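**Student:** Got a structure for you, questions after.
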Amino acid sequence: MESYGRKETLKVSSFREVYHLFQNNSPLVQKCHLCRFILKLYLQHSLDSCIPGRRLLRGTSGSDLDLYTLRPKPAVIFFDCDDCLYFDNWKIAAYLTTKIEKHCQTEFGLDEGYAYKLYKKHGTALRGLIAEGYLSRDCSKSIDGFLETVHDLPIHALLSPDEQLRDMISKIHPSIRKFVFTASVRHHAERCLDALGISDLFDGIIDVKDCQFETKHS
């Protein structure tokens, strides 16, 4: 491939070469629109190829590279909250599991380990409690009490501002709307975002109540 400027010529023979030139801040690559397009295409294909089962072309199981092109810019990006926007080696998840287990034993008289069985069977312990009659969808007070109790965690002591995360999200094109989509409850996600220093970067939060307690396992 050759890219011509007014008086300069750039010759490259592979995507990888363009990538290395870009990494080295080559002024020719920085100014060359075609080079930037090729680089984006190369990086997209590299990531696609690393994901098992990812189809390179929408609507087909084939991989004809003559038809491969950049995907359009998304209109919306949804971010999971726990163990996605942050990863703490499952510490907060462990706290939540312990509090859910304790609440199910003390409030509903369930055997030790039964809360986890509800989670495995129904996708969340809360959905299991509703399905098996321990909580009623019609009683928002009891459901809110459960959610408030099990999510009562010292989030600001467990998470800290993440400047790299903030920088990464800030670089997403401003025309793309960003939402947190969580199986947890809104106030828990709000505390996590605030502790991470990124609460101002999102358009909103979609939580378990917004989804009528449905889960990805439903």
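The way I read the labels, and the way they are meant: chains A, B, ... in the order of the structure tokens, residue 1 as the first residue of every chain, and ligand 1 as the first ligand shown, with later ones counted on from there.
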Within stretch 43-112 of chain A, find each residue whose DSSP state, derived from the backbone, is strand (DSSP E or B), and express the selection as a ChimeraX atom specification.

**Tutor:** /A:76-79

**Student:** Taking 5 positions as the minimum chain separation for residues in the same chain, which residues sit within 8 Å of stretch 165-170 of chain A when counting only C-alpha atoms? Answer as an MDAnalysis selection string.

**Tutor:** chainID A and resid 85 197:198 201

**Student:** So how far away is atom CA of A:Ile77 from atom CA of A:Asn25, in Å?

**Tutor:** 29.2 Å

**Student:** Please indicate the distance in Å from atom CA of A:Val180 to atom CA of A:Val208, rounded to one decimal place.

**Tutor:**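 About the pair atom CA of A:Val180 and atom CA of A:Val208: they are 11.3 Å apart.
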
**Student:** Of the candidates A:His20, A:His151, A:Lys141, A:His156, which one gets nearest to A:Leu43 if we count only C-alpha atoms?

**Tutor:**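 Residue with the minimum atom-to-atom distance to A:Leu43: A:His20.
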
**Student:** Show which residues sit within 10 Å of A:Asp210, as a ChimeraX atom specification. Count only C-alpha atoms, and ignore same-chain residues fewer than 2 positions away.

**Tutor:** /A:181-183,185-186,205-208,212-214

**Student:** Just to be explicit: take each residue in the selection above, keep all heavy atoms, and write the result as a CSV table (one decimal), in the first residue's frame.

**Tutor:**
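Produced file result00.csv, reproduced below:
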```csv
chain,number,residue,atom,x,y,z
A,181,PHE,N,-25.8,-1.3,33.2
A,181,PHE,CA,-26.9,-2.3,33.2
A,181,PHE,C,-26.5,-3.3,34.2
A,181,PHE,O,-25.6,-4.1,34.0
A,181,PHE,CB,-27.0,-2.8,31.8
A,181,PHE,CG,-28.3,-3.6,31.5
A,181,PHE,CD1,-29.3,-3.7,32.5
A,181,PHE,CD2,-28.5,-4.2,30.3
A,181,PHE,CE1,-30.4,-4.4,32.2
A,181,PHE,CE2,-29.6,-4.9,30.0
A,181,PHE,CZ,-30.6,-5.0,31.0
A,182,THR,N,-27.2,-3.3,35.4
A,182,THR,CA,-26.7,-4.2,36.5
A,182,THR,C,-27.9,-5.1,37.0
A,182,THR,O,-29.0,-4.7,37.0
A,182,THR,CB,-26.2,-3.3,37.6
A,182,THR,OG1,-25.8,-4.1,38.7
A,182,THR,CG2,-27.2,-2.3,38.1
A,183,ALA,N,-27.5,-6.3,37.4
A,183,ALA,CA,-28.4,-7.2,38.1
A,183,ALA,C,-28.6,-6.8,39.6
A,183,ALA,O,-29.3,-7.4,40.3
A,183,ALA,CB,-27.9,-8.6,38.0
A,185,VAL,N,-29.0,-3.4,42.5
A,185,VAL,CA,-29.9,-2.3,42.7
A,185,VAL,C,-29.3,-1.0,42.4
A,185,VAL,O,-28.0,-0.8,42.6
A,185,VAL,CB,-30.5,-2.4,44.1
A,185,VAL,CG1,-29.5,-2.0,45.2
A,185,VAL,CG2,-31.8,-1.5,44.2
A,186,ARG,N,-30.1,0.0,42.1
A,186,ARG,CA,-29.5,1.3,41.6
A,186,ARG,C,-28.6,2.0,42.6
A,186,ARG,O,-27.5,2.4,42.3
A,186,ARG,CB,-30.7,2.3,41.3
A,186,ARG,CG,-30.3,3.7,40.9
A,186,ARG,CD,-31.5,4.5,40.6
A,186,ARG,NE,-32.4,3.9,39.6
A,186,ARG,CZ,-32.2,4.0,38.3
A,186,ARG,NH1,-31.3,4.8,37.8
A,186,ARG,NH2,-33.1,3.4,37.5
A,205,ILE,N,-28.7,4.5,34.8
A,205,ILE,CA,-28.5,3.2,35.4
A,205,ILE,C,-29.8,2.4,35.2
A,205,ILE,O,-30.8,2.9,35.5
A,205,ILE,CB,-28.1,3.2,36.9
A,205,ILE,CG1,-26.8,3.9,37.1
A,205,ILE,CG2,-28.1,1.8,37.5
A,205,ILE,CD1,-26.5,4.2,38.6
A,206,ILE,N,-29.6,1.2,34.7
A,206,ILE,CA,-30.8,0.2,34.5
A,206,ILE,C,-30.5,-0.9,35.5
A,206,ILE,O,-29.5,-1.6,35.4
A,206,ILE,CB,-30.9,-0.3,33.1
A,206,ILE,CG1,-31.0,0.8,32.1
A,206,ILE,CG2,-32.0,-1.3,33.0
A,206,ILE,CD1,-30.8,0.4,30.7
A,207,ASP,N,-31.4,-1.0,36.5
A,207,ASP,CA,-31.1,-2.0,37.6
A,207,ASP,C,-32.1,-3.1,37.6
A,207,ASP,O,-33.0,-3.2,36.7
A,207,ASP,CB,-31.0,-1.3,39.0
A,207,ASP,CG,-32.4,-0.9,39.5
A,207,ASP,OD1,-33.4,-0.9,38.7
A,207,ASP,OD2,-32.5,-0.5,40.7
A,208,VAL,N,-32.0,-4.0,38.6
A,208,VAL,CA,-32.9,-5.2,38.6
A,208,VAL,C,-34.4,-4.8,38.8
A,208,VAL,O,-35.2,-5.5,38.2
A,208,VAL,CB,-32.4,-6.1,39.8
A,208,VAL,CG1,-32.7,-5.4,41.2
A,208,VAL,CG2,-33.1,-7.4,39.8
A,212,GLN,N,-37.9,-5.6,36.2
A,212,GLN,CA,-38.9,-6.4,36.8
A,212,GLN,C,-38.4,-7.7,37.4
A,212,GLN,O,-39.0,-8.7,37.4
A,212,GLN,CB,-40.1,-6.7,35.9
A,212,GLN,CG,-40.8,-5.4,35.3
A,212,GLN,CD,-41.4,-4.6,36.4
A,212,GLN,OE1,-42.2,-5.2,37.2
A,212,GLN,NE2,-41.1,-3.3,36.5
A,213,PHE,N,-37.1,-7.6,37.9
A,213,PHE,CA,-36.4,-8.7,38.6
A,213,PHE,C,-36.1,-9.8,37.6
A,213,PHE,O,-35.7,-10.9,38.1
A,213,PHE,CB,-37.2,-9.2,39.8
A,213,PHE,CG,-37.7,-8.1,40.7
A,213,PHE,CD1,-39.1,-7.8,40.7
A,213,PHE,CD2,-36.8,-7.4,41.4
A,213,PHE,CE1,-39.5,-6.8,41.5
A,213,PHE,CE2,-37.3,-6.3,42.2
A,213,PHE,CZ,-38.6,-6.0,42.3
A,214,GLU,N,-36.2,-9.6,36.3
A,214,GLU,CA,-35.7,-10.6,35.4
A,214,GLU,C,-34.2,-10.6,35.4
A,214,GLU,O,-33.6,-9.6,35.7
A,214,GLU,CB,-36.3,-10.3,33.9
A,214,GLU,CG,-37.8,-10.4,33.8
A,214,GLU,CD,-38.3,-11.8,34.1
A,214,GLU,OE1,-37.6,-12.7,33.8
A,214,GLU,OE2,-39.5,-11.9,34.5
```

**Student:** Name all residues at most 10 Å from A:Leu129 (count only C-alpha atoms; drop same-chain ones fewer than 2 positions away) and give them as a CSV table (one decimal) with all heavy atoms, in the first residue's frame.

**Tutor:**
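Wrote it out as selection09.csv, contents follow:
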```csv
chain,number,residue,atom,x,y,z
A,104,CYS,N,-31.3,-14.5,54.4
A,104,CYS,CA,-32.2,-15.6,54.1
A,104,CYS,C,-32.4,-16.5,55.3
A,104,CYS,O,-33.5,-17.1,55.5
A,104,CYS,CB,-31.7,-16.4,52.8
A,104,CYS,SG,-31.9,-15.5,51.3
A,108,PHE,N,-36.0,-15.5,56.7
A,108,PHE,CA,-36.9,-16.5,56.1
A,108,PHE,C,-36.7,-17.9,56.6
A,108,PHE,O,-37.4,-18.8,56.3
A,108,PHE,CB,-36.7,-16.5,54.6
A,108,PHE,CG,-36.8,-15.2,53.9
A,108,PHE,CD1,-35.7,-14.6,53.3
A,108,PHE,CD2,-38.0,-14.5,54.0
A,108,PHE,CE1,-35.8,-13.3,52.7
A,108,PHE,CE2,-38.2,-13.2,53.4
A,108,PHE,CZ,-37.1,-12.6,52.8
A,115,ALA,N,-29.8,-20.2,49.9
A,115,ALA,CA,-29.7,-18.9,49.2
A,115,ALA,C,-28.9,-19.1,47.9
A,115,ALA,O,-29.3,-18.6,46.8
A,115,ALA,CB,-29.2,-17.8,50.0
A,118,LEU,N,-31.0,-21.1,45.4
A,118,LEU,CA,-31.9,-20.2,44.7
A,118,LEU,C,-31.2,-19.4,43.6
A,118,LEU,O,-31.8,-19.2,42.5
A,118,LEU,CB,-32.5,-19.2,45.8
A,118,LEU,CG,-33.4,-19.7,46.8
A,118,LEU,CD1,-33.8,-18.6,47.8
A,118,LEU,CD2,-34.7,-20.3,46.2
A,119,TYR,N,-30.0,-18.9,43.9
A,119,TYR,CA,-29.3,-18.2,42.8
A,119,TYR,C,-29.0,-19.1,41.6
A,119,TYR,O,-29.2,-18.7,40.5
A,119,TYR,CB,-28.0,-17.7,43.4
A,119,TYR,CG,-26.9,-17.4,42.4
A,119,TYR,CD1,-27.0,-16.3,41.6
A,119,TYR,CD2,-25.8,-18.2,42.2
A,119,TYR,CE1,-26.0,-16.0,40.7
A,119,TYR,CE2,-24.8,-18.0,41.3
A,119,TYR,CZ,-24.9,-16.8,40.5
A,119,TYR,OH,-24.0,-16.6,39.6
A,122,HIS,N,-32.5,-19.8,39.8
A,122,HIS,CA,-33.3,-18.7,39.3
A,122,HIS,C,-32.5,-17.5,38.8
A,122,HIS,O,-33.1,-16.6,38.2
A,122,HIS,CB,-34.3,-18.2,40.4
A,122,HIS,CG,-35.2,-19.2,40.9
A,122,HIS,ND1,-36.4,-19.6,40.3
A,122,HIS,CD2,-35.2,-20.0,42.0
A,122,HIS,CE1,-37.0,-20.5,41.0
A,122,HIS,NE2,-36.3,-20.8,42.0
A,124,THR,N,-30.9,-15.2,40.4
A,124,THR,CA,-30.5,-14.4,41.5
A,124,THR,C,-31.3,-14.9,42.7
A,124,THR,O,-32.4,-15.5,42.5
A,124,THR,CB,-30.9,-12.9,41.4
A,124,THR,OG1,-32.4,-12.8,41.3
A,124,THR,CG2,-30.2,-12.2,40.2
A,125,ALA,N,-30.8,-14.7,43.9
A,125,ALA,CA,-31.5,-15.2,45.1
A,125,ALA,C,-32.8,-14.5,45.2
A,125,ALA,O,-33.8,-15.1,45.7
A,125,ALA,CB,-30.6,-15.0,46.3
A,126,LEU,N,-32.8,-13.2,44.9
A,126,LEU,CA,-34.1,-12.4,45.0
A,126,LEU,C,-35.2,-13.0,44.1
A,126,LEU,O,-36.3,-13.2,44.6
A,126,LEU,CB,-33.8,-10.9,44.6
A,126,LEU,CG,-35.0,-10.0,44.5
A,126,LEU,CD1,-35.8,-10.0,45.8
A,126,LEU,CD2,-34.7,-8.6,44.1
A,127,ARG,N,-34.8,-13.3,42.9
A,127,ARG,CA,-35.8,-13.9,42.0
A,127,ARG,C,-36.3,-15.2,42.5
A,127,ARG,O,-37.5,-15.6,42.4
A,127,ARG,CB,-35.2,-14.1,40.6
A,127,ARG,CG,-36.2,-14.6,39.6
A,127,ARG,CD,-35.7,-14.5,38.2
A,127,ARG,NE,-36.5,-15.3,37.2
A,127,ARG,CZ,-37.6,-14.8,36.7
A,127,ARG,NH1,-38.0,-13.6,37.0
A,127,ARG,NH2,-38.3,-15.5,35.8
A,131,ALA,N,-40.0,-16.3,43.4
A,131,ALA,CA,-40.6,-17.5,42.8
A,131,ALA,C,-41.1,-18.5,43.8
A,131,ALA,O,-42.1,-19.2,43.5
A,131,ALA,CB,-39.6,-18.1,41.8
A,132,GLU,N,-40.5,-18.6,44.9
A,132,GLU,CA,-40.8,-19.6,45.9
A,132,GLU,C,-41.7,-19.1,47.0
A,132,GLU,O,-41.9,-19.8,48.0
A,132,GLU,CB,-39.6,-20.3,46.4
A,132,GLU,CG,-38.8,-21.0,45.3
A,132,GLU,CD,-37.8,-22.0,45.8
A,132,GLU,OE1,-37.7,-22.3,47.0
A,132,GLU,OE2,-37.0,-22.5,45.0
A,133,GLY,N,-42.2,-17.8,46.8
A,133,GLY,CA,-43.2,-17.3,47.7
A,133,GLY,C,-42.7,-16.7,49.0
A,133,GLY,O,-43.5,-16.3,49.9
A,134,TYR,N,-41.4,-16.5,49.2
A,134,TYR,CA,-40.9,-15.8,50.4
A,134,TYR,C,-41.0,-14.3,50.3
A,134,TYR,O,-41.1,-13.6,51.3
A,134,TYR,CB,-39.4,-16.2,50.6
A,134,TYR,CG,-39.2,-17.7,50.8
A,134,TYR,CD1,-38.7,-18.5,49.8
A,134,TYR,CD2,-39.4,-18.2,52.1
A,134,TYR,CE1,-38.5,-19.9,50.1
A,134,TYR,CE2,-39.2,-19.6,52.4
A,134,TYR,CZ,-38.8,-20.4,51.3
A,134,TYR,OH,-38.6,-21.7,51.6
A,135,LEU,N,-41.0,-13.8,49.1
A,135,LEU,CA,-41.2,-12.4,48.9
A,135,LEU,C,-42.3,-12.2,47.8
A,135,LEU,O,-42.5,-13.1,46.9
A,135,LEU,CB,-40.0,-11.7,48.4
A,135,LEU,CG,-38.9,-11.4,49.5
A,135,LEU,CD1,-37.6,-10.9,48.8
A,135,LEU,CD2,-39.3,-10.5,50.6
A,136,SER,N,-43.0,-11.1,47.8
A,136,SER,CA,-44.1,-10.9,46.9
A,136,SER,C,-43.7,-9.7,46.0
A,136,SER,O,-43.3,-8.6,46.5
A,136,SER,CB,-45.4,-10.6,47.6
A,136,SER,OG,-46.4,-10.2,46.6
A,143,ILE,N,-39.3,-6.1,49.4
A,143,ILE,CA,-38.3,-6.3,48.4
A,143,ILE,C,-37.2,-5.2,48.5
A,143,ILE,O,-36.0,-5.5,48.5
A,143,ILE,CB,-38.9,-6.3,46.9
A,143,ILE,CG1,-39.7,-7.5,46.7
A,143,ILE,CG2,-37.8,-6.2,45.9
A,143,ILE,CD1,-40.4,-7.6,45.4
```

**Student:** Calculate how many Å separate atom CA of A:Leu70 from atom CA of A:Arg177, rounding to one decimal.

**Tutor:**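 Distance between the two atoms: 19.8 Å.
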
**Student:** Could you check the closest approach to A:Phe179 for each of A:Glu107, A:Glu101, A:Phe79, A:Phe87 and tell me which residue wins, using only C-alpha atoms?

**Tutor:** A:Phe79
